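J.: So that you have it, the file is run.txt, and it contains compact mmCIF, C-alpha atoms:
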# COMPACT_ATOMS: atom_id res chain seq x y z
CA MET U 1 -6.22 -24.88 7.94
CA ALA U 2 -9.34 -24.25 5.86
CA ASP U 3 -12.43 -22.75 7.48
CA ARG U 4 -10.49 -21.30 10.42
CA LEU U 5 -12.32 -18.00 9.83
CA ASN U 6 -15.71 -19.63 9.42
CA GLY U 7 -18.35 -17.58 11.26
CA TYR U 8 -16.31 -14.38 11.39
CA ARG U 9 -17.11 -11.20 9.47
CA ILE U 10 -13.99 -9.43 8.17
CA LEU U 11 -14.21 -5.91 6.74
CA ILE U 12 -11.75 -5.00 3.98
CA LEU U 13 -11.40 -1.57 2.41
CA GLU U 14 -10.98 -2.27 -1.26
CA THR U 15 -8.14 -0.70 -3.20
CA ARG U 16 -5.81 -2.21 -5.76
CA GLU U 17 -5.02 -5.71 -4.42
CA GLU U 18 -8.06 -6.46 -2.30
CA ALA U 19 -9.70 -8.78 -4.83
CA GLN U 20 -6.96 -11.31 -4.07
CA PHE U 21 -7.16 -10.55 -0.35
CA SER U 22 -10.92 -11.15 -0.39
CA LYS U 23 -10.42 -14.48 -2.15
CA LEU U 24 -7.83 -15.64 0.39
CA LEU U 25 -10.09 -14.68 3.30
CA ALA U 26 -13.09 -16.43 1.75
CA GLU U 27 -11.00 -19.57 1.25
CA GLN U 28 -10.58 -19.62 5.03
CA GLY U 29 -14.35 -19.41 5.52
CA ALA U 30 -14.61 -15.70 6.37
CA ASP U 31 -17.73 -13.70 5.60
CA VAL U 32 -15.91 -10.90 3.76
CA VAL U 33 -17.54 -7.47 3.88
CA GLN U 34 -16.10 -5.50 0.96
CA CYS U 35 -16.06 -1.71 1.07
CA PRO U 36 -14.93 -0.01 -2.15
CA MET U 37 -13.33 3.19 -0.85
CA PHE U 38 -11.51 4.93 -3.67
CA THR U 39 -10.46 4.42 -7.23
CA ILE U 40 -6.94 4.65 -8.59
CA HIS U 41 -6.57 6.50 -11.88
CA ASP U 42 -3.66 7.18 -14.19
CA ALA U 43 -2.10 10.60 -13.67
CA PRO U 44 -4.62 13.16 -15.01
CA ASP U 45 -1.87 14.69 -17.16
CA PRO U 46 0.32 11.96 -18.68
CA ALA U 47 2.82 14.43 -20.16
CA PRO U 48 5.10 14.68 -17.08
CA VAL U 49 5.11 10.89 -16.72
CA GLU U 50 5.94 10.40 -20.40
CA ALA U 51 8.70 13.01 -20.14
CA TRP U 52 10.15 11.11 -17.15
CA ILE U 53 10.06 7.87 -19.18
CA HIS U 54 11.96 9.55 -22.01
CA ARG U 55 14.58 10.90 -19.59
CA ALA U 56 14.98 7.41 -18.10
CA ILE U 57 15.50 5.94 -21.58
CA ASP U 58 17.73 8.67 -22.99
CA GLN U 59 20.01 8.74 -19.96
CA PRO U 60 19.37 5.80 -17.61
CA PHE U 61 19.27 6.72 -13.95
CA ASP U 62 22.15 5.70 -11.75
CA ASP U 63 19.61 4.67 -9.14
CA LEU U 64 15.86 3.98 -9.21
CA VAL U 65 13.73 4.19 -6.06
CA LEU U 66 10.26 2.65 -6.23
CA MET U 67 7.80 3.50 -3.47
CA THR U 68 4.89 1.34 -4.68
CA GLY U 69 4.24 -1.52 -7.04
CA GLU U 70 1.25 0.35 -8.42
CA GLY U 71 3.54 3.18 -9.48
CA LEU U 72 5.80 1.00 -11.61
CA ARG U 73 2.81 -0.75 -13.17
CA ARG U 74 1.26 2.61 -14.15
CA ILE U 75 4.56 3.78 -15.62
CA MET U 76 4.86 0.60 -17.66
CA LYS U 77 1.24 0.90 -18.80
CA LEU U 78 1.91 4.35 -20.25
CA ALA U 79 5.22 3.19 -21.75
CA ARG U 80 3.40 0.37 -23.55
CA THR U 81 0.81 2.73 -25.02
CA ARG U 82 3.68 4.84 -26.39
CA GLY U 83 5.67 1.86 -27.67
CA LEU U 84 8.44 2.59 -25.18
CA ASP U 85 8.11 -0.37 -22.81
CA GLN U 86 11.03 -2.46 -24.13
CA ALA U 87 13.34 0.53 -24.21
CA LEU U 88 12.30 1.50 -20.69
CA VAL U 89 12.91 -1.98 -19.27
CA ALA U 90 16.33 -2.03 -20.92
CA ALA U 91 17.14 1.35 -19.39
CA LEU U 92 15.91 0.39 -15.90
CA ALA U 93 18.05 -2.74 -16.06
CA LYS U 94 21.10 -0.45 -16.01
CA SER U 95 20.07 1.28 -12.77
CA ARG U 96 20.56 0.16 -9.20
CA LYS U 97 17.03 -0.48 -7.98
CA PHE U 98 15.72 0.11 -4.46
CA THR U 99 12.21 -0.64 -3.22
CA ARG U 100 10.05 0.38 -0.27
CA GLY U 101 9.01 -3.05 0.90
CA PRO U 102 8.18 -6.16 -1.14
CA LYS U 103 5.34 -4.90 -3.37
CA PRO U 104 7.51 -2.79 -5.71
CA GLY U 105 9.89 -5.72 -5.88
CA LYS U 106 7.06 -7.92 -7.11
CA ALA U 107 6.22 -5.34 -9.80
CA LEU U 108 9.87 -5.34 -10.89
CA ARG U 109 9.87 -9.11 -11.24
CA GLU U 110 6.83 -8.81 -13.51
CA ILE U 111 9.14 -7.10 -16.04
CA SER U 112 11.99 -9.55 -15.36
CA LEU U 113 14.01 -7.16 -13.17
CA ASP U 114 15.09 -7.41 -9.54
CA ALA U 115 15.74 -4.93 -6.77
CA GLN U 116 19.29 -4.65 -5.48
CA GLN U 117 18.00 -3.72 -2.05
CA THR U 118 14.65 -3.55 -0.22
CA THR U 119 13.89 -1.60 2.92
CA GLU U 120 13.84 -3.48 6.20
CA LYS U 121 10.66 -1.55 6.98
CA PRO U 122 8.25 -0.56 4.16
CA THR U 123 8.09 3.10 5.16
CA THR U 124 9.47 6.41 3.90
CA GLU U 125 11.73 6.48 6.94
CA GLY U 126 12.98 3.05 5.97
CA VAL U 127 13.83 4.32 2.49
CA ILE U 128 15.71 7.30 3.92
CA GLU U 129 17.64 5.01 6.27
CA MET U 130 18.49 2.54 3.49
CA LEU U 131 19.66 5.20 1.06
CA GLY U 132 21.43 7.12 3.80
CA ARG U 133 24.09 4.39 3.91
CA LEU U 134 25.01 5.04 0.27
CA ASP U 135 27.18 7.63 -1.43
CA LEU U 136 24.73 9.41 -3.74
CA LYS U 137 26.83 12.47 -4.50
CA GLY U 138 26.44 13.40 -8.15
CA ARG U 139 24.18 10.42 -8.91
CA ARG U 140 20.94 10.74 -10.88
CA VAL U 141 18.15 9.18 -8.84
CA GLY U 142 14.78 8.37 -10.40
CA LEU U 143 12.15 8.48 -7.65
CA GLN U 144 8.61 7.17 -8.11
CA LEU U 145 6.16 8.79 -5.70
CA TYR U 146 2.58 8.01 -4.66
CA PRO U 147 -0.42 10.32 -4.06
CA ASP U 148 -1.67 11.97 -0.88
CA LYS U 149 1.73 12.12 0.77
CA ASP U 150 4.16 14.97 1.43
CA HIS U 151 7.42 13.59 0.06
CA SER U 152 9.54 16.66 0.85
CA ILE U 153 11.40 14.94 3.69
CA LEU U 154 12.48 12.13 1.38
CA THR U 155 13.46 14.35 -1.55
CA GLY U 156 15.23 16.71 0.83
CA ALA U 157 17.22 13.86 2.37
CA LEU U 158 18.35 12.66 -1.06
CA ALA U 159 19.27 16.16 -2.17
CA ALA U 160 21.26 16.64 1.03
CA GLN U 161 23.29 13.57 0.06
CA GLY U 162 24.18 15.26 -3.23
CA ALA U 163 21.78 13.32 -5.45
CA ASP U 164 20.12 14.81 -8.52
CA VAL U 165 16.54 13.66 -7.86
CA ASP U 166 14.08 13.18 -10.75
CA THR U 167 10.56 12.44 -9.43
CA VAL U 168 7.48 11.01 -11.11
CA LEU U 169 3.91 10.67 -9.82
CA PRO U 170 2.21 8.20 -12.18
CA TYR U 171 -1.24 7.82 -10.59
CA ALA U 172 -3.89 9.59 -8.56
CA TYR U 173 -6.63 8.68 -6.07
CA ASP U 174 -10.28 9.54 -6.58
CA SER U 175 -10.91 10.77 -3.04
CA LYS U 176 -14.62 11.34 -3.61
CA ALA U 177 -15.48 7.80 -4.58
CA ALA U 178 -17.67 5.57 -2.46
CA ASP U 179 -18.23 7.82 0.57
CA GLY U 180 -21.56 6.07 1.14
CA ASN U 181 -19.85 2.67 1.30
CA ILE U 182 -17.41 3.92 3.92
CA VAL U 183 -20.14 5.47 6.08
CA ALA U 184 -22.09 2.19 5.89
CA ALA U 185 -18.97 0.27 6.98
CA ILE U 186 -18.55 2.63 9.93
CA ASP U 187 -22.17 1.95 10.91
CA ASP U 188 -21.56 -1.81 10.70
CA MET U 189 -18.59 -1.56 13.07
CA ALA U 190 -20.41 0.73 15.49
CA GLU U 191 -23.32 -1.71 15.65
CA GLY U 192 -21.05 -4.69 16.30
CA ARG U 193 -21.60 -6.44 12.98
CA ILE U 194 -17.87 -6.70 12.15
CA ASP U 195 -15.39 -8.95 13.97
CA SER U 196 -12.22 -7.50 12.44
CA ILE U 197 -11.18 -4.79 9.99
CA ALA U 198 -8.12 -5.74 7.91
CA LEU U 199 -5.97 -2.86 6.62
CA THR U 200 -3.34 -3.41 3.95
CA ASN U 201 -2.14 0.11 3.13
CA LEU U 202 -1.92 3.41 4.95
CA GLY U 203 -4.14 5.19 2.40
CA GLN U 204 -7.06 3.14 3.70
CA VAL U 205 -6.56 4.53 7.21
CA ARG U 206 -6.45 8.12 5.96
CA ARG U 207 -9.49 7.66 3.76
CA LEU U 208 -11.48 6.07 6.59
CA VAL U 209 -10.68 8.90 9.02
CA GLU U 210 -11.14 11.69 6.47
CA THR U 211 -14.52 10.37 5.33
CA ALA U 212 -15.71 9.97 8.92
CA LYS U 213 -14.78 13.59 9.64
CA ALA U 214 -16.45 14.85 6.45
CA HIS U 215 -19.72 13.10 7.31
CA GLY U 216 -19.78 13.85 11.04
CA SER U 217 -19.11 10.19 11.89
CA GLU U 218 -15.73 10.43 13.60
CA ALA U 219 -17.10 9.61 17.05
CA LYS U 220 -19.03 6.68 15.60
CA LEU U 221 -15.88 5.46 13.81
CA ARG U 222 -13.84 5.51 17.00
CA ALA U 223 -16.64 3.78 18.91
CA GLY U 224 -16.87 1.14 16.20
CA LEU U 225 -13.12 0.53 16.21
CA GLU U 226 -13.23 0.10 19.98
CA ARG U 227 -15.36 -3.00 19.52
CA THR U 228 -13.66 -4.25 16.34
CA LEU U 229 -10.27 -5.96 16.17
CA ILE U 230 -7.95 -3.85 13.99
CA ALA U 231 -5.56 -5.85 11.80
CA SER U 232 -2.58 -4.15 10.13
CA VAL U 233 -0.40 -5.71 7.44
CA GLY U 234 2.77 -3.95 8.64
CA PRO U 235 4.61 -0.97 10.17
CA ALA U 236 3.49 1.65 7.64
CA VAL U 237 -0.20 0.95 8.32
CA SER U 238 0.34 0.65 12.07
CA GLY U 239 2.22 3.96 12.06
CA GLU U 240 -0.64 5.67 10.27
CA LEU U 241 -3.14 4.21 12.76
CA ALA U 242 -1.03 5.51 15.64
CA ALA U 243 -0.86 8.96 14.01
CA HIS U 244 -4.65 9.11 14.32
CA GLY U 245 -4.68 7.83 17.89
CA LEU U 246 -5.77 4.34 16.86
CA ARG U 247 -4.32 1.03 17.97
CA THR U 248 -3.19 -2.09 16.15
CA ASP U 249 -4.60 -5.33 17.60
CA ILE U 250 -3.31 -7.77 15.00
CA ALA U 251 -0.17 -7.80 12.85
CA PRO U 252 1.76 -10.57 11.09
CA ALA U 253 5.07 -11.75 12.48
CA GLU U 254 8.01 -9.41 11.91
CA ASP U 255 9.28 -9.31 8.32
CA HIS U 256 6.20 -11.21 7.08
CA TYR U 257 4.21 -8.22 5.86
CA PHE U 258 2.03 -10.08 3.39
CA MET U 259 -1.61 -11.08 3.10
CA ARG U 260 -1.32 -14.76 4.05
CA PRO U 261 0.62 -14.12 7.29
CA LEU U 262 -1.88 -11.37 8.11
CA ILE U 263 -4.78 -13.78 7.62
CA SER U 264 -3.08 -16.32 9.89
CA ALA U 265 -2.62 -13.66 12.57
CA ILE U 266 -6.28 -12.62 12.25
CA ALA U 267 -7.43 -16.22 12.69
CA VAL U 268 -5.34 -16.68 15.83
CA ALA U 269 -6.43 -13.37 17.37
CA LEU U 270 -10.11 -13.91 16.66
CA GLU U 271 -10.07 -17.36 18.19
CA GLU U 272 -8.38 -15.96 21.30
CA LYS U 273 -10.46 -12.81 21.70
CA LYS U 274 -13.76 -13.69 20.03
CA PRO U 275 -14.07 -17.47 20.20
CA LYS U 276 -16.77 -19.06 18.13
CA VAL U 277 -19.92 -20.11 19.89
CA PRO U 278 -20.28 -23.89 19.54
CA VAL U 279 -23.22 -25.01 17.44
CA LYS U 280 -25.71 -26.98 19.58
Please render this file's structure as structure tokens.
T.:
Amino acid sequence: MADRLNGYRILILETREEAQFSKLLAEQGADVVQCPMFTIHDAPDPAPVEAWIHRAIDQPFDDLVLMTGEGLRRIMKLARTRGLDQALVAALAKSRKFTRGPKPGKALREISLDAQQTTEKPTTEGVIEMLGRLDLKGRRVGLQLYPDKDHSILTGALAAQGADVDTVLPYAYDSKAADGNIVAAIDDMAEGRIDSIALTNLGQVRRLVETAKAHGSEAKLRAGLERTLIASVGPAVSGELAAHGLRTDIAPAEDHYFMRPLISAIAVALEEKKPKVPVK
């Protein structure tokens, strides 16, 4: 139903897909408060990524594990600049492909490929559980990683299964970008000017907390979140919130970890907990 968020102010922490998220929220009548929080860049040194692409082409991986859609898109971007994109797609078509949640699967479909299996939960633990059911002994596994995460548990689990793991980290976060925007967003929540904050990836949670600590605003952040409904797109984000002692107020129905179901859940929760004041 259109305009179901009319009169509500929703804070989103902008990363790679939030332009679409903002549009969907605005279509429902929300006053969207956008907070650019960090920038994603290609890997500062493309040589290791290019070398990984060549290894994938020269000897296709038995298995490919994609942790993020952004990662595959960055890999393909570099492959195109080197004239290797068609050869890479042909090579990846020969691999069994596994994804952490639906977003990498979407990126695969953009190059006309499909995942053989997707995690039930879009978390590292979900990937370990999914791959733990397979016999990986002696298999070459291409593993795309993402920044600001210790992946040693995952790589260790695969190695323990006998896999030959070949990792690639195709992008980086600019962790210094937009600190002022984040501090201003914290002030808005603390002063009650935000009805709900909508979080769509765990990096947003980390960035929010780290910036608050760096600027002496951690107490203000926690006070602001006490009076603001916290919406999480799925288990990975909710787990990160819990790791920082923060709650999840709103989440989409199980197995519907997408933007539209999240918006629907936000609308329902806001109407229940912060009903609109009738216009007289």
J.: Please enclose the listed atoms of stretch 4-10 of chain U in an axis-aligned box, pad each side by 5 Å, and write out the centre and the three edge lengths in Å, rounded to one decimal, as JSON.
T.:
{"center_x": -14.4, "center_y": -15.4, "center_z": 9.8, "size_x": 17.9, "size_y": 21.9, "size_z": 13.2}
J.: With all atoms listed in the file as the counted atoms, please give the residues lying no more than 10 Å from U:Ser112, apart from itself and same-chain residues fewer than 5 positions off, as a PDB file with C-alpha atoms, in the coordinates of the input.
T.:
ATOM      1  CA  VAL U  89      12.910  -1.980 -19.270  1.00  0.00           C
ATOM      2  CA  ALA U  93      18.050  -2.740 -16.060  1.00  0.00           C
ATOM      3  CA  LYS U 106       7.060  -7.920  -7.110  1.00  0.00           C
ATOM      4  CA  ALA U 107       6.220  -5.340  -9.800  1.00  0.00           C
TER       5      ALA U 107
END
J.: Sorted by chain and rising residue number, list the residues of stretch 149-200 of chain U at most 10 Å from stretch 121-139 of chain U (counting only C-alpha atoms), each with its closest atom pair and distance in Å to one decimal, as a tab-separated table.
T.:
residue	atom	partner	partner_atom	distance
U:His151	CA	U:Thr124	CA	8.4
U:Ile153	CA	U:Thr124	CA	8.7
U:Leu154	CA	U:Ile128	CA	6.3
U:Thr155	CA	U:Ile128	CA	9.2
U:Gly156	CA	U:Ile128	CA	9.9
U:Ala157	CA	U:Ile128	CA	6.9
U:Leu158	CA	U:Leu136	CA	7.6
U:Ala159	CA	U:Lys137	CA	8.7
U:Ala160	CA	U:Lys137	CA	8.9
U:Gln161	CA	U:Leu136	CA	5.8
U:Gly162	CA	U:Lys137	CA	4.1
U:Ala163	CA	U:Arg139	CA	5.1
U:Asp164	CA	U:Arg139	CA	6.0
U:Val165	CA	U:Arg139	CA	8.4
J.: Could you pull out every residue with an atom within 12 Å of (14.2, 7.4, -19.8), file coordinates, counting only C-alpha atoms, and send them as number ranges by chain?
T.: U: 48-62, 64, 75-76, 79, 84-95, 140-142, 166, 168
J.: So what do you get for atom CA of U:Arg100 versus atom CA of U:Thr39, distance-wise?
T.: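 Distance reported for this atom pair: 22.0 Å.
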J.: Would you kindly return, as a PyMOL selection string, each protein, DNA or RNA residue with an atom no farther than 12 Å from any atom of U:Leu270, considering only C-alpha atoms and excluding same-chain residues fewer than 3 positions away?
T.: chain U and resi 4-10+30+194-197+228-231+249-250+263-267+273-276
J.: Can you tell me how far atom CA of U:Glu210 sits from atom CA of U:Gly69, in Å to one decimal?
T.: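 So the two atoms, atom CA of U:Glu210 and atom CA of U:Gly69, lie 24.4 Å apart.
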J.: Determine the nearest neighbour of U:Arg96 from the options U:Thr119, U:Glu27, U:Val65, U:Leu108, counting only C-alpha atoms.
T.: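 Among U:Thr119, U:Glu27, U:Val65, U:Leu108, it is U:Val65 that comes nearest to U:Arg96.
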J.: Check the smallest atom-to-atom distance from each of U:Ala47, U:Leu246, U:Cys35, U:Ser22 to U:Met259 using only C-alpha atoms, then report the winner.
T.: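 Answer, going by the shortest atom-to-atom distance: U:Ser22.
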J.: Separation of atom CA of U:Gly245 and atom CA of U:Leu221, in Å?
T.: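 Atom CA of U:Leu221 lies at a distance of 12.2 Å from atom CA of U:Gly245.
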J.: Is it possible to get the residues within 12 Å of (-5.2, 2.7, 6.8) (coordinates as in the file, counting only C-alpha atoms) written as a ChimeraX atom specification?
T.: /U:12-15,37,197-210,230-244,246-248
J.: Tell me which protein, DNA and RNA residues are within 12 Å of U:Pro104, counting all atoms listed in the file, leaving out same-chain ones fewer than 2 positions away, and put them as a ChimeraX atom specification.
T.: /U:64-74,97-102,106-111,113-119,122,144-146
J.: Which polymer residues have any atom within 12 Å of an atom of U:Lys23, counting only C-alpha atoms, with same-chain residues fewer than 3 positions away left out, as a list of chain:residue names?
T.: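 These residues fall inside the cut-off: U:Ile12, U:Glu17, U:Glu18, U:Ala19, U:Gln20, U:Ala26, U:Glu27, U:Gln28, U:Gly29, U:Ala30, U:Asp31, U:Val32, U:Val33, U:Gln34, U:Met259, U:Arg260, U:Ile263.
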J.: Can you give me N, CA, C and O atoms for stretch 186-203 of chain U, written as a PDB file, in the coordinates of the input?
T.:
ATOM      1  N   ILE U 186     -18.683   2.067   8.584  1.00  0.00           N
ATOM      2  CA  ILE U 186     -18.550   2.630   9.930  1.00  0.00           C
ATOM      3  C   ILE U 186     -19.758   2.250  10.779  1.00  0.00           C
ATOM      4  O   ILE U 186     -19.634   1.863  11.953  1.00  0.00           O
ATOM      5  N   ASP U 187     -20.954   2.341  10.194  1.00  0.00           N
ATOM      6  CA  ASP U 187     -22.170   1.950  10.910  1.00  0.00           C
ATOM      7  C   ASP U 187     -22.120   0.478  11.312  1.00  0.00           C
ATOM      8  O   ASP U 187     -22.495   0.115  12.440  1.00  0.00           O
ATOM      9  N   ASP U 188     -21.658  -0.376  10.398  1.00  0.00           N
ATOM     10  CA  ASP U 188     -21.560  -1.810  10.700  1.00  0.00           C
ATOM     11  C   ASP U 188     -20.654  -2.066  11.900  1.00  0.00           C
ATOM     12  O   ASP U 188     -20.974  -2.877  12.775  1.00  0.00           O
ATOM     13  N   MET U 189     -19.491  -1.375  11.930  1.00  0.00           N
ATOM     14  CA  MET U 189     -18.590  -1.560  13.070  1.00  0.00           C
ATOM     15  C   MET U 189     -19.200  -1.033  14.355  1.00  0.00           C
ATOM     16  O   MET U 189     -19.123  -1.685  15.406  1.00  0.00           O
ATOM     17  N   ALA U 190     -19.823   0.125  14.284  1.00  0.00           N
ATOM     18  CA  ALA U 190     -20.410   0.730  15.490  1.00  0.00           C
ATOM     19  C   ALA U 190     -21.528  -0.128  16.071  1.00  0.00           C
ATOM     20  O   ALA U 190     -21.755  -0.136  17.284  1.00  0.00           O
ATOM     21  N   GLU U 191     -22.210  -0.868  15.199  1.00  0.00           N
ATOM     22  CA  GLU U 191     -23.320  -1.710  15.650  1.00  0.00           C
ATOM     23  C   GLU U 191     -22.887  -3.142  15.929  1.00  0.00           C
ATOM     24  O   GLU U 191     -23.731  -4.022  16.159  1.00  0.00           O
ATOM     25  N   GLY U 192     -21.574  -3.393  15.913  1.00  0.00           N
ATOM     26  CA  GLY U 192     -21.050  -4.690  16.300  1.00  0.00           C
ATOM     27  C   GLY U 192     -21.217  -5.795  15.282  1.00  0.00           C
ATOM     28  O   GLY U 192     -21.167  -6.978  15.631  1.00  0.00           O
ATOM     29  N   ARG U 193     -21.380  -5.432  14.016  1.00  0.00           N
ATOM     30  CA  ARG U 193     -21.600  -6.440  12.980  1.00  0.00           C
ATOM     31  C   ARG U 193     -20.310  -6.899  12.300  1.00  0.00           C
ATOM     32  O   ARG U 193     -20.341  -7.720  11.383  1.00  0.00           O
ATOM     33  N   ILE U 194     -19.169  -6.355  12.735  1.00  0.00           N
ATOM     34  CA  ILE U 194     -17.870  -6.700  12.150  1.00  0.00           C
ATOM     35  C   ILE U 194     -16.958  -7.244  13.247  1.00  0.00           C
ATOM     36  O   ILE U 194     -16.838  -6.650  14.320  1.00  0.00           O
ATOM     37  N   ASP U 195     -16.322  -8.372  12.988  1.00  0.00           N
ATOM     38  CA  ASP U 195     -15.390  -8.950  13.970  1.00  0.00           C
ATOM     39  C   ASP U 195     -14.004  -8.316  13.861  1.00  0.00           C
ATOM     40  O   ASP U 195     -13.346  -8.077  14.877  1.00  0.00           O
ATOM     41  N   SER U 196     -13.549  -8.078  12.626  1.00  0.00           N
ATOM     42  CA  SER U 196     -12.220  -7.500  12.440  1.00  0.00           C
ATOM     43  C   SER U 196     -12.203  -6.675  11.166  1.00  0.00           C
ATOM     44  O   SER U 196     -12.863  -7.026  10.180  1.00  0.00           O
ATOM     45  N   ILE U 197     -11.453  -5.567  11.194  1.00  0.00           N
ATOM     46  CA  ILE U 197     -11.180  -4.790   9.990  1.00  0.00           C
ATOM     47  C   ILE U 197      -9.722  -5.032   9.617  1.00  0.00           C
ATOM     48  O   ILE U 197      -8.832  -4.934  10.468  1.00  0.00           O
ATOM     49  N   ALA U 198      -9.470  -5.406   8.368  1.00  0.00           N
ATOM     50  CA  ALA U 198      -8.120  -5.740   7.910  1.00  0.00           C
ATOM     51  C   ALA U 198      -7.617  -4.638   6.989  1.00  0.00           C
ATOM     52  O   ALA U 198      -8.231  -4.362   5.957  1.00  0.00           O
ATOM     53  N   LEU U 199      -6.508  -4.010   7.349  1.00  0.00           N
ATOM     54  CA  LEU U 199      -5.970  -2.860   6.620  1.00  0.00           C
ATOM     55  C   LEU U 199      -4.641  -3.245   5.982  1.00  0.00           C
ATOM     56  O   LEU U 199      -3.733  -3.738   6.658  1.00  0.00           O
ATOM     57  N   THR U 200      -4.534  -2.983   4.678  1.00  0.00           N
ATOM     58  CA  THR U 200      -3.340  -3.410   3.950  1.00  0.00           C
ATOM     59  C   THR U 200      -2.525  -2.269   3.377  1.00  0.00           C
ATOM     60  O   THR U 200      -1.459  -2.508   2.805  1.00  0.00           O
ATOM     61  N   ASN U 201      -2.992  -1.025   3.493  1.00  0.00           N
ATOM     62  CA  ASN U 201      -2.140   0.110   3.130  1.00  0.00           C
ATOM     63  C   ASN U 201      -2.587   1.341   3.881  1.00  0.00           C
ATOM     64  O   ASN U 201      -3.746   1.460   4.309  1.00  0.00           O
ATOM     65  N   LEU U 202      -1.648   2.264   4.084  1.00  0.00           N
ATOM     66  CA  LEU U 202      -1.920   3.410   4.950  1.00  0.00           C
ATOM     67  C   LEU U 202      -2.967   4.362   4.349  1.00  0.00           C
ATOM     68  O   LEU U 202      -3.647   5.093   5.071  1.00  0.00           O
ATOM     69  N   GLY U 203      -3.125   4.364   3.016  1.00  0.00           N
ATOM     70  CA  GLY U 203      -4.140   5.190   2.400  1.00  0.00           C
ATOM     71  C   GLY U 203      -5.543   4.834   2.860  1.00  0.00           C
ATOM     72  O   GLY U 203      -6.432   5.696   2.931  1.00  0.00           O
TER      73      GLY U 203
END
